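Undergrad: I am attaching a structure below and will ask some questions about it afterwards.
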Amino acid sequence: MLLNKEKISKIEIYDAKERHLGTTHIYSFAKSLFKSSTIGMTIKCNNLPIMKKGDSVMLVFEYVNSQRYRTVTKLDSASKTQIEVKVGEVTEIEERRRSFKIATKEKATVYKTKSEKEEGFEGTILNINLGGVLLHCEEYFNVGTIVYLNTFSGALEVPAKILRRQNDINGNFMGYGCQFVDISEAEEEIVAKYILECQVAERERRKTLEEMGMN
């Protein structure tokens with residue numbers, strides 16, 4: 001399977017003995033050669049150990065939908081802050097970490113039923129992953145309740161089950177931990193696209209800070 005450049009959220013770097021060297025969101029791609037089966041990459045990560053051209057590394061690519069893919073390749077160049085490699089085929093890691101969360105302040109309308117006549121309650125999504133959300137809402141709901149969320153400007157309407165009331169470290173109510181119920185592939189794709197957009201925006205922010213010498 002070839003690497004999907006558009007869906008990468010972060011990269012983990014390991015040495016030949018699978019010792020973890022670093023994790024980064026900062027990377028770029030070289031222009032692809034015509035019909036080339038490999039992709040040239042520059043990966044930036046602070047405090048890398050001393051490595052040299054030809055050393056083997058294992059790269060783990062985590063996608064926005066929490067799927068992870070690995071590949072083993074050799075370094076084209078290396079320094080303490082970046083490596084350059086070529087990536088060909090990648091292999092999926094069976095474990096699917098759907099718990100990866102993105103912080104957000106997306107507005108949502110919360111309904112107790114599917115009735116079109118019902119007036120909804122205002123809420124804010126504090127974080128989101130493919131499995132559910134942390135929802136702040138002033139309305140009281142019992143654990144186990146099924147609510148209906150309308151968010152992303154009406155693009156997503158999905159039922160969610162309230163699993164817990166979550167407090168901060170001071171014991172103050174933060175929000176409801178909710179799990180999506182019977183989410184379709186199309187709805188999951190909407191969530192995945194939103195998470196990807198957030199990741200791309202964060203990567204660009206970090207890149208800008210790095211170029212300004214602030215990271």
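Please note that chains go A, B, ... in the order of the structure tokens, that every chain numbers its residues from 1, and that ligands are numbered from 1 in the order shown.
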Identify all residues of stretch 16-195 of chain A in alpha helix (DSSP H) (DSSP on the backbone) and supply them as a list in words.
TA: Glu185, Ala186, Glu187, Glu188, Glu189, Ile190, Val191, Ala192, Lys193, Tyr194 and Ile195 of chain A
Undergrad: Mind checking DSSP for stretch 6-214 of chain A and telling me the strand (DSSP E) residues as a PyMOL selection string?
TA: chain A and resi 8-15+20-24+26-29+39-44+56-63+68-78+82-87+91-93+102-111+121-129+132-137+146-151+156-167+173-180
Undergrad: Would you pick out the contacts of A:Asp76 at 9 Å or less, using only C-alpha atoms, so that residues sharing its chain but fewer than 6 positions from it are not included, and give the list as an NGL selection string?
TA: :A and (52-55 or 83-86)
Undergrad: Any idea what's packed within 7 Å of stretch 123-136 of chain A, counting only C-alpha atoms, ignoring anything in its chain fewer than 4 positions away? Could you give it as a ChimeraX atom specification?
TA: /A:65,98-110,174-180,188,191-192
